[in-house]
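**Q** My structure file target-v9.pdb, PDB, C-alpha atoms (C1' of nucleotides), is below:
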```pdb
ATOM      1  CA  MET Q  23      40.234 112.368 114.425  1.00  0.00           C
ATOM      2  CA  LYS Q  24      41.087 115.351 116.581  1.00  0.00           C
ATOM      3  CA  LYS Q  25      39.386 113.834 119.565  1.00  0.00           C
ATOM      4  CA  HIS Q  26      40.848 110.439 118.781  1.00  0.00           C
ATOM      5  CA  LEU Q  27      44.479 111.542 118.926  1.00  0.00           C
ATOM      6  CA  LEU Q  28      43.888 113.483 122.104  1.00  0.00           C
ATOM      7  CA  ASP Q  29      42.146 110.475 123.643  1.00  0.00           C
ATOM      8  CA  ILE Q  30      45.140 108.283 122.922  1.00  0.00           C
ATOM      9  CA  TYR Q  31      47.316 110.838 124.653  1.00  0.00           C
ATOM     10  CA  LYS Q  32      45.042 111.052 127.659  1.00  0.00           C
ATOM     11  CA  ARG Q  33      45.044 107.298 128.071  1.00  0.00           C
ATOM     12  CA  LEU Q  34      48.802 107.086 127.806  1.00  0.00           C
ATOM     13  CA  TYR Q  35      49.273 109.900 130.282  1.00  0.00           C
ATOM     14  CA  ALA Q  36      46.740 108.429 132.699  1.00  0.00           C
ATOM     15  CA  ALA Q  37      48.478 105.065 132.547  1.00  0.00           C
ATOM     16  CA  LEU Q  38      52.115 106.150 132.557  1.00  0.00           C
ATOM     17  CA  GLY Q  39      52.177 109.684 133.909  1.00  0.00           C
ATOM     18  CA  SER Q  40      54.628 112.488 133.247  1.00  0.00           C
ATOM     19  CA  GLN Q  41      57.864 111.365 131.596  1.00  0.00           C
ATOM     20  CA  HIS Q  42      59.892 114.437 132.603  1.00  0.00           C
ATOM     21  CA  TRP Q  43      61.551 114.911 129.233  1.00  0.00           C
ATOM     22  CA  TRP Q  44      64.127 115.853 128.121  1.00  0.00           C
ATOM     23  CA  PRO Q  45      66.454 114.053 130.543  1.00  0.00           C
ATOM     24  CA  GLY Q  46      69.052 116.839 130.666  1.00  0.00           C
ATOM     25  CA  ASP Q  47      69.788 119.822 132.891  1.00  0.00           C
ATOM     26  CA  THR Q  48      70.554 122.549 130.345  1.00  0.00           C
ATOM     27  CA  PRO Q  49      69.627 123.397 126.760  1.00  0.00           C
ATOM     28  CA  PHE Q  50      73.179 122.589 125.719  1.00  0.00           C
ATOM     29  CA  GLU Q  51      73.088 119.179 127.347  1.00  0.00           C
ATOM     30  CA  ILE Q  52      69.789 118.497 125.597  1.00  0.00           C
ATOM     31  CA  ILE Q  53      71.291 119.399 122.229  1.00  0.00           C
ATOM     32  CA  VAL Q  54      74.307 117.156 122.822  1.00  0.00           C
ATOM     33  CA  GLY Q  55      71.973 114.344 123.854  1.00  0.00           C
ATOM     34  CA  ALA Q  56      69.801 114.864 120.779  1.00  0.00           C
ATOM     35  CA  ILE Q  57      72.808 114.396 118.503  1.00  0.00           C
ATOM     36  CA  LEU Q  58      74.273 111.482 120.442  1.00  0.00           C
ATOM     37  CA  THR Q  59      71.021 109.533 120.567  1.00  0.00           C
ATOM     38  CA  GLN Q  60      70.690 109.298 116.790  1.00  0.00           C
ATOM     39  CA  ASN Q  61      69.885 105.627 116.119  1.00  0.00           C
ATOM     40  CA  THR Q  62      71.352 104.777 119.502  1.00  0.00           C
ATOM     41  CA  ALA Q  63      70.018 103.410 122.790  1.00  0.00           C
ATOM     42  CA  TRP Q  64      69.650 106.150 125.390  1.00  0.00           C
ATOM     43  CA  THR Q  65      71.469 104.064 128.018  1.00  0.00           C
ATOM     44  CA  ASN Q  66      74.582 104.319 125.864  1.00  0.00           C
ATOM     45  CA  VAL Q  67      74.112 108.055 125.437  1.00  0.00           C
ATOM     46  CA  GLU Q  68      73.957 108.464 129.212  1.00  0.00           C
ATOM     47  CA  LYS Q  69      77.416 106.972 129.552  1.00  0.00           C
ATOM     48  CA  ALA Q  70      78.772 109.382 126.959  1.00  0.00           C
ATOM     49  CA  ILE Q  71      77.080 112.375 128.590  1.00  0.00           C
ATOM     50  CA  ASN Q  72      78.444 111.370 131.974  1.00  0.00           C
ATOM     51  CA  ASN Q  73      81.946 111.173 130.532  1.00  0.00           C
ATOM     52  CA  LEU Q  74      81.620 114.681 129.131  1.00  0.00           C
ATOM     53  CA  LYS Q  75      80.168 115.906 132.420  1.00  0.00           C
ATOM     54  CA  GLN Q  76      82.968 114.430 134.496  1.00  0.00           C
ATOM     55  CA  ASN Q  77      85.460 116.170 132.233  1.00  0.00           C
ATOM     56  CA  ARG Q  78      83.503 119.439 132.553  1.00  0.00           C
ATOM     57  CA  LEU Q  79      82.953 119.603 128.821  1.00  0.00           C
ATOM     58  CA  LEU Q  80      79.187 119.969 128.851  1.00  0.00           C
ATOM     59  CA  SER Q  81      79.145 123.599 127.812  1.00  0.00           C
ATOM     60  CA  ALA Q  82      79.430 125.178 124.382  1.00  0.00           C
ATOM     61  CA  LYS Q  83      82.592 127.010 125.378  1.00  0.00           C
ATOM     62  CA  ALA Q  84      84.384 124.022 126.884  1.00  0.00           C
ATOM     63  CA  LEU Q  85      83.405 121.611 124.151  1.00  0.00           C
ATOM     64  CA  SER Q  86      84.426 124.118 121.471  1.00  0.00           C
ATOM     65  CA  LYS Q  87      87.935 124.177 122.895  1.00  0.00           C
ATOM     66  CA  SER Q  88      88.202 120.400 123.028  1.00  0.00           C
ATOM     67  CA  LYS Q  89      90.086 118.436 120.411  1.00  0.00           C
ATOM     68  CA  PRO Q  90      87.973 116.082 118.308  1.00  0.00           C
ATOM     69  CA  SER Q  91      90.127 113.135 119.382  1.00  0.00           C
ATOM     70  CA  LYS Q  92      89.317 113.853 123.023  1.00  0.00           C
ATOM     71  CA  ILE Q  93      85.596 114.221 122.365  1.00  0.00           C
ATOM     72  CA  ALA Q  94      85.537 111.031 120.317  1.00  0.00           C
ATOM     73  CA  LYS Q  95      87.176 109.120 123.144  1.00  0.00           C
ATOM     74  CA  LEU Q  96      84.680 110.373 125.707  1.00  0.00           C
ATOM     75  CA  ILE Q  97      81.540 109.793 123.648  1.00  0.00           C
ATOM     76  CA  ARG Q  98      82.682 106.356 122.506  1.00  0.00           C
ATOM     77  CA  PRO Q  99      79.906 104.482 124.374  1.00  0.00           C
ATOM     78  CA  SER Q 100      77.242 106.252 122.309  1.00  0.00           C
ATOM     79  CA  GLY Q 101      78.503 104.658 119.104  1.00  0.00           C
ATOM     80  CA  TYR Q 102      79.271 106.314 115.747  1.00  0.00           C
ATOM     81  CA  TYR Q 103      81.683 108.345 117.806  1.00  0.00           C
ATOM     82  CA  ASN Q 104      83.732 109.766 114.928  1.00  0.00           C
ATOM     83  CA  ILE Q 105      80.784 111.021 112.948  1.00  0.00           C
ATOM     84  CA  LYS Q 106      79.028 112.266 116.079  1.00  0.00           C
ATOM     85  CA  THR Q 107      82.138 114.190 117.077  1.00  0.00           C
ATOM     86  CA  LYS Q 108      81.970 115.932 113.704  1.00  0.00           C
ATOM     87  CA  ARG Q 109      78.277 116.643 114.191  1.00  0.00           C
ATOM     88  CA  LEU Q 110      78.873 118.206 117.589  1.00  0.00           C
ATOM     89  CA  LYS Q 111      81.660 120.303 116.094  1.00  0.00           C
ATOM     90  CA  ASN Q 112      79.451 121.310 113.176  1.00  0.00           C
ATOM     91  CA  PHE Q 113      76.851 122.614 115.598  1.00  0.00           C
ATOM     92  CA  LEU Q 114      79.443 124.411 117.706  1.00  0.00           C
ATOM     93  CA  ASN Q 115      81.092 126.001 114.674  1.00  0.00           C
ATOM     94  CA  PHE Q 116      77.708 127.276 113.546  1.00  0.00           C
ATOM     95  CA  LEU Q 117      76.971 128.630 117.026  1.00  0.00           C
ATOM     96  CA  ASN Q 118      80.365 130.288 117.395  1.00  0.00           C
ATOM     97  CA  ASP Q 119      80.605 131.708 113.879  1.00  0.00           C
ATOM     98  CA  LYS Q 120      77.086 133.110 113.679  1.00  0.00           C
ATOM     99  CA  PHE Q 121      76.177 133.822 117.299  1.00  0.00           C
ATOM    100  CA  ASN Q 122      79.479 134.229 119.038  1.00  0.00           C
ATOM    101  CA  GLY Q 123      78.706 131.115 121.046  1.00  0.00           C
ATOM    102  CA  ASP Q 124      75.528 132.572 122.534  1.00  0.00           C
ATOM    103  CA  LEU Q 125      73.100 129.650 122.630  1.00  0.00           C
ATOM    104  CA  ASP Q 126      70.272 131.581 124.309  1.00  0.00           C
ATOM    105  CA  GLN Q 127      70.248 134.048 121.460  1.00  0.00           C
ATOM    106  CA  LEU Q 128      69.984 131.274 118.883  1.00  0.00           C
ATOM    107  CA  LEU Q 129      67.194 129.474 120.723  1.00  0.00           C
ATOM    108  CA  LYS Q 130      65.121 132.667 120.884  1.00  0.00           C
ATOM    109  CA  HIS Q 131      64.666 132.705 117.136  1.00  0.00           C
ATOM    110  CA  GLU Q 132      61.215 132.245 115.687  1.00  0.00           C
ATOM    111  CA  THR Q 133      60.367 128.556 115.326  1.00  0.00           C
ATOM    112  CA  GLY Q 134      60.408 128.263 111.535  1.00  0.00           C
ATOM    113  CA  ARG Q 135      63.623 130.222 111.183  1.00  0.00           C
ATOM    114  CA  LEU Q 136      65.349 128.229 113.920  1.00  0.00           C
ATOM    115  CA  ARG Q 137      64.277 124.944 112.349  1.00  0.00           C
ATOM    116  CA  THR Q 138      65.712 125.995 108.991  1.00  0.00           C
ATOM    117  CA  GLU Q 139      68.958 127.072 110.607  1.00  0.00           C
ATOM    118  CA  LEU Q 140      69.353 123.794 112.480  1.00  0.00           C
ATOM    119  CA  LEU Q 141      68.631 121.756 109.365  1.00  0.00           C
ATOM    120  CA  GLU Q 142      71.415 123.550 107.519  1.00  0.00           C
ATOM    121  CA  ILE Q 143      73.924 122.048 109.927  1.00  0.00           C
ATOM    122  CA  ASN Q 144      75.408 118.839 108.565  1.00  0.00           C
ATOM    123  CA  GLY Q 145      74.407 116.043 110.925  1.00  0.00           C
ATOM    124  CA  ILE Q 146      71.157 117.572 112.131  1.00  0.00           C
ATOM    125  CA  GLY Q 147      68.118 116.117 110.383  1.00  0.00           C
ATOM    126  CA  PRO Q 148      64.402 116.671 111.015  1.00  0.00           C
ATOM    127  CA  GLU Q 149      64.078 114.603 114.179  1.00  0.00           C
ATOM    128  CA  THR Q 150      67.173 116.015 115.840  1.00  0.00           C
ATOM    129  CA  ALA Q 151      66.152 119.545 114.852  1.00  0.00           C
ATOM    130  CA  ASP Q 152      62.638 119.091 116.207  1.00  0.00           C
ATOM    131  CA  SER Q 153      63.916 117.526 119.422  1.00  0.00           C
ATOM    132  CA  ILE Q 154      66.079 120.599 119.916  1.00  0.00           C
ATOM    133  CA  LEU Q 155      63.154 122.894 119.077  1.00  0.00           C
ATOM    134  CA  LEU Q 156      60.796 121.151 121.490  1.00  0.00           C
ATOM    135  CA  TYR Q 157      63.030 120.203 124.378  1.00  0.00           C
ATOM    136  CA  ALA Q 158      65.824 122.788 124.309  1.00  0.00           C
ATOM    137  CA  ALA Q 159      64.043 125.820 122.821  1.00  0.00           C
ATOM    138  CA  ASN Q 160      60.564 125.029 124.208  1.00  0.00           C
ATOM    139  CA  LYS Q 161      58.834 125.467 120.867  1.00  0.00           C
ATOM    140  CA  PRO Q 162      55.558 123.592 120.297  1.00  0.00           C
ATOM    141  CA  VAL Q 163      56.784 121.260 117.545  1.00  0.00           C
ATOM    142  CA  PHE Q 164      55.761 117.608 117.356  1.00  0.00           C
ATOM    143  CA  VAL Q 165      58.692 115.182 117.130  1.00  0.00           C
ATOM    144  CA  ILE Q 166      58.344 112.155 114.862  1.00  0.00           C
ATOM    145  CA  ASP Q 167      60.575 109.168 115.479  1.00  0.00           C
ATOM    146  CA  ALA Q 168      60.761 105.500 114.483  1.00  0.00           C
ATOM    147  CA  TYR Q 169      58.394 104.442 117.276  1.00  0.00           C
ATOM    148  CA  THR Q 170      55.811 107.008 116.247  1.00  0.00           C
ATOM    149  CA  LYS Q 171      55.820 105.874 112.632  1.00  0.00           C
ATOM    150  CA  ARG Q 172      55.772 102.207 113.555  1.00  0.00           C
ATOM    151  CA  ILE Q 173      52.984 102.384 116.094  1.00  0.00           C
ATOM    152  CA  PHE Q 174      50.664 104.799 114.319  1.00  0.00           C
ATOM    153  CA  SER Q 175      51.107 103.242 110.887  1.00  0.00           C
ATOM    154  CA  ARG Q 176      50.362  99.821 112.363  1.00  0.00           C
ATOM    155  CA  HIS Q 177      47.154 101.256 113.704  1.00  0.00           C
ATOM    156  CA  GLY Q 178      46.341 102.610 110.272  1.00  0.00           C
ATOM    157  CA  LEU Q 179      46.494 106.263 111.272  1.00  0.00           C
ATOM    158  CA  ILE Q 180      49.411 107.229 109.049  1.00  0.00           C
ATOM    159  CA  LYS Q 181      51.030 105.624 106.033  1.00  0.00           C
ATOM    160  CA  LYS Q 182      53.902 103.355 106.954  1.00  0.00           C
ATOM    161  CA  ASP Q 183      56.240 105.058 104.495  1.00  0.00           C
ATOM    162  CA  ALA Q 184      54.994 108.550 105.255  1.00  0.00           C
ATOM    163  CA  ALA Q 185      57.568 111.296 104.912  1.00  0.00           C
ATOM    164  CA  TYR Q 186      58.689 112.991 108.123  1.00  0.00           C
ATOM    165  CA  GLU Q 187      56.839 116.251 107.587  1.00  0.00           C
ATOM    166  CA  GLU Q 188      53.746 114.388 106.474  1.00  0.00           C
ATOM    167  CA  ALA Q 189      53.574 112.415 109.711  1.00  0.00           C
ATOM    168  CA  GLN Q 190      54.317 115.561 111.655  1.00  0.00           C
ATOM    169  CA  TYR Q 191      51.522 117.430 109.952  1.00  0.00           C
ATOM    170  CA  PHE Q 192      49.107 114.640 110.847  1.00  0.00           C
ATOM    171  CA  PHE Q 193      49.778 115.149 114.539  1.00  0.00           C
ATOM    172  CA  MET Q 194      50.051 118.916 114.534  1.00  0.00           C
ATOM    173  CA  SER Q 195      46.919 119.487 112.497  1.00  0.00           C
ATOM    174  CA  ASN Q 196      44.906 117.166 114.721  1.00  0.00           C
ATOM    175  CA  LEU Q 197      46.104 118.319 118.123  1.00  0.00           C
ATOM    176  CA  PRO Q 198      46.021 121.647 119.934  1.00  0.00           C
ATOM    177  CA  LYS Q 199      49.343 123.450 119.609  1.00  0.00           C
ATOM    178  CA  ASN Q 200      50.549 123.013 123.146  1.00  0.00           C
ATOM    179  CA  LEU Q 201      54.096 122.683 124.473  1.00  0.00           C
ATOM    180  CA  LYS Q 202      53.334 120.390 127.391  1.00  0.00           C
ATOM    181  CA  LEU Q 203      51.159 118.159 125.215  1.00  0.00           C
ATOM    182  CA  TYR Q 204      53.831 117.736 122.530  1.00  0.00           C
ATOM    183  CA  ASN Q 205      56.520 117.222 125.143  1.00  0.00           C
ATOM    184  CA  GLU Q 206      54.702 114.435 126.957  1.00  0.00           C
ATOM    185  CA  TYR Q 207      53.094 112.831 123.932  1.00  0.00           C
ATOM    186  CA  HIS Q 208      56.366 112.098 122.187  1.00  0.00           C
ATOM    187  CA  ALA Q 209      57.952 110.871 125.418  1.00  0.00           C
ATOM    188  CA  LEU Q 210      54.990 108.609 126.096  1.00  0.00           C
ATOM    189  CA  ILE Q 211      55.180 107.123 122.613  1.00  0.00           C
ATOM    190  CA  VAL Q 212      58.850 106.283 123.161  1.00  0.00           C
ATOM    191  CA  LYS Q 213      57.990 104.850 126.561  1.00  0.00           C
ATOM    192  CA  ILE Q 214      55.311 102.482 125.321  1.00  0.00           C
ATOM    193  CA  GLY Q 215      57.483 101.566 122.365  1.00  0.00           C
ATOM    194  CA  LYS Q 216      60.203 100.430 124.713  1.00  0.00           C
ATOM    195  CA  GLU Q 217      57.895  98.783 127.237  1.00  0.00           C
ATOM    196  CA  PHE Q 218      56.059  96.880 124.548  1.00  0.00           C
ATOM    197  CA  CYS Q 219      59.326  95.540 123.181  1.00  0.00           C
ATOM    198  CA  LYS Q 220      60.481  94.437 126.590  1.00  0.00           C
ATOM    199  CA  LYS Q 221      57.362  92.495 127.410  1.00  0.00           C
ATOM    200  CA  ASN Q 222      56.973  91.082 123.928  1.00  0.00           C
ATOM    201  CA  PRO Q 223      60.349  90.024 122.520  1.00  0.00           C
ATOM    202  CA  LYS Q 224      58.607  88.781 119.423  1.00  0.00           C
ATOM    203  CA  CYS Q 225      56.091  91.548 119.128  1.00  0.00           C
ATOM    204  CA  ARG Q 226      54.818  92.320 115.648  1.00  0.00           C
ATOM    205  CA  ILE Q 227      55.840  95.922 115.768  1.00  0.00           C
ATOM    206  CA  CYS Q 228      59.476  96.319 116.720  1.00  0.00           C
ATOM    207  CA  PRO Q 229      60.983  93.479 114.664  1.00  0.00           C
ATOM    208  CA  LEU Q 230      59.545  95.142 111.585  1.00  0.00           C
ATOM    209  CA  LYS Q 231      61.694  98.066 112.454  1.00  0.00           C
ATOM    210  CA  ASN Q 232      62.907 100.213 109.633  1.00  0.00           C
ATOM    211  CA  SER Q 233      62.762  99.435 105.960  1.00  0.00           C
ATOM    212  CA  ARG Q 234      66.191  97.805 105.963  1.00  0.00           C
ATOM    213  CA  GLY Q 235      65.441  94.121 106.097  1.00  0.00           C
ATOM    214  CA  GLY Q 236      61.776  94.745 106.591  1.00  0.00           C
ATOM    215  CA  GLY Q 237      59.259  91.990 107.149  1.00  0.00           C
TER     216      GLY Q 237
ATOM    217  C1'  DC K   3      74.955  84.162 118.009  1.00  0.00           C
ATOM    218  C1'  DA K   4      71.794  87.753 115.751  1.00  0.00           C
ATOM    219  C1'  DC K   5      69.423  91.784 116.210  1.00  0.00           C
ATOM    220  C1'  DC K   6      68.513  96.446 117.444  1.00  0.00           C
ATOM    221  C1'  DA K   7      68.572 101.317 119.582  1.00  0.00           C
ATOM    222  C1'  DG K   8      64.744 108.268 120.759  1.00  0.00           C
ATOM    223  C1'  DG K   9      69.043 109.137 112.459  1.00  0.00           C
ATOM    224  C1'  DC K  10      71.562 111.199 109.011  1.00  0.00           C
ATOM    225  C1'  DA K  11      74.257 111.877 104.934  1.00  0.00           C
ATOM    226  C1'  DA K  12      76.587 110.285 100.959  1.00  0.00           C
ATOM    227  C1'  DG K  13      76.735 107.351  97.130  1.00  0.00           C
ATOM    228  C1'  DT K  14      74.441 105.123  93.178  1.00  0.00           C
ATOM    229  C1'  DA K  15      71.291 104.661  89.177  1.00  0.00           C
TER     230       DA K  15
ATOM    231  C1'  DT W  13      63.698 111.075  92.747  1.00  0.00           C
ATOM    232  C1'  DA W  14      64.227 106.614  95.094  1.00  0.00           C
ATOM    233  C1'  DC W  15      67.081 103.156  97.049  1.00  0.00           C
ATOM    234  C1'  DT W  16      71.318 101.501  99.397  1.00  0.00           C
ATOM    235  C1'  DT W  17      75.140 101.698 102.531  1.00  0.00           C
ATOM    236  C1'  DG W  18      78.368 103.403 106.303  1.00  0.00           C
ATOM    237  C1'  DC W  19      78.624 104.750 110.807  1.00  0.00           C
ATOM    238  C1'  DA W  20      79.687 101.581 116.141  1.00  0.00           C
ATOM    239  C1'  DT W  21      78.896 100.614 120.995  1.00  0.00           C
ATOM    240  C1'  DG W  22      76.405  97.957 124.356  1.00  0.00           C
ATOM    241  C1'  DG W  23      72.165  95.422 125.810  1.00  0.00           C
ATOM    242  C1'  DT W  24      68.990  91.385 125.119  1.00  0.00           C
TER     243       DT W  24
END
```
Go through the file and emit its structure as structure tokens.
**A**
Amino acid sequence: MKKHLLDIYKRLYAALGSQHWWPGDTPFEIIVGAILTQNTAWTNVEKAINNLKQNRLLSAKALSKSKPSKIAKLIRPSGYYNIKTKRLKNFLNFLNDKFNGDLDQLLKHETGRLRTELLEINGIGPETADSILLYAANKPVFVIDAYTKRIFSRHGLIKKDAAYEEAQYFFMSNLPKNLKLYNEYHALIVKIGKEFCKKNPKCRICPLKNSRGGG
DNA sequence: CACCAGGCAAGTA
DNA sequence: TACTTGCATGGT
């Protein structure tokens, strides 16, 4: 299996190349993007990020000083804007209260400790936490998302109702622990997930989507 | 028009 | 513990 998973990666990389993830300039921007993209198309998140950028609010300090109503207005295109405003504030309050707003200090924490800390923040679940760990803190942690579960369960490699950590363990125990590998692999999975949907509007993977409604 | 997107938490039984 | 529902805009 070890070789198998790595082979899949090599084929994807050979076919599609480097995905240059995460699409963000700073760790803070990556964290904001990770929260805003929860169950949301990235194209919509880009609009929200651009709004924040144009208002010079894409820093922990600036966003901390912003009123929730202002943030909500700017991130509106990303959907769920009220709850996502709270989630951004929850993260910022944690950062300010426990680390005096010093993001670099937080991101230097040991992987397991940092993951636990992120998960204690209301609004940050396993995928968002792992995205932050991998793409903002550069920790070798494999990110599991809806595409990953859908594609690999359809191929019979993981159970379709596998728990998050179970799916994650499958990848991490069968792949070398390597930052670049985890970075590109997850991005490539998202890429083929999207591409496959585009070319096959009635594909047998995407319409099955999540358990709600099922098929 | 219906369906879905790089989830998560809260409510219910 | 296991299921269900709310959150919301914008693209296809």
**Q** Can you list what the PyMOL selection byres ((chain Q) within 6 of (chain W)) grabs from this structure, as a ChimeraX atom specification?
**A** /Q:99,101-102
**Q** Might you spell out which residues the PyMOL selection byres ((chain Q) within 8 of (chain K)) would select in the displayed file, as a VMD selection string?
**A** chain Q and resid 59 to 64 144 to 147 149 to 150 167 to 168 212
**Q** Just the number, please: distance in Å from atom CA of Q:Lys69 to atom CA of Q:Gly55, one decimal.
**A**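 The value is 10.8 Å.
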**Q** Please measure the separation of atom CA of Q:Arg98 and atom CA of Q:Leu74, giving the value in Å to one decimal.
**A** 10.7 Å
**Q** So how many Å separate atom CA of Q:Gly123 and atom CA of Q:Pro49, to one decimal?
**A** 13.2 Å
**Q** Using only C-alpha atoms for the distances, tell me which of Q:Ile211, Q:Leu141, Q:Leu80, Q:Leu125 is nearest to Q:Arg109.
**A** Q:Leu141
**Q** How would you write, as a list in words, the residues chosen by the PyMOL selection byres ((chain Q and resi 133) around 9) on this structure?
**A**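 When the PyMOL selection byres ((chain Q and resi 133) around 9) is applied to the shown file, the picked residues are Leu129, Lys130, His131, Glu132, Gly134, Arg135, Leu136, Arg137, Thr138, Leu155, Ala159, Lys161, Pro162 and Val163 of chain Q.
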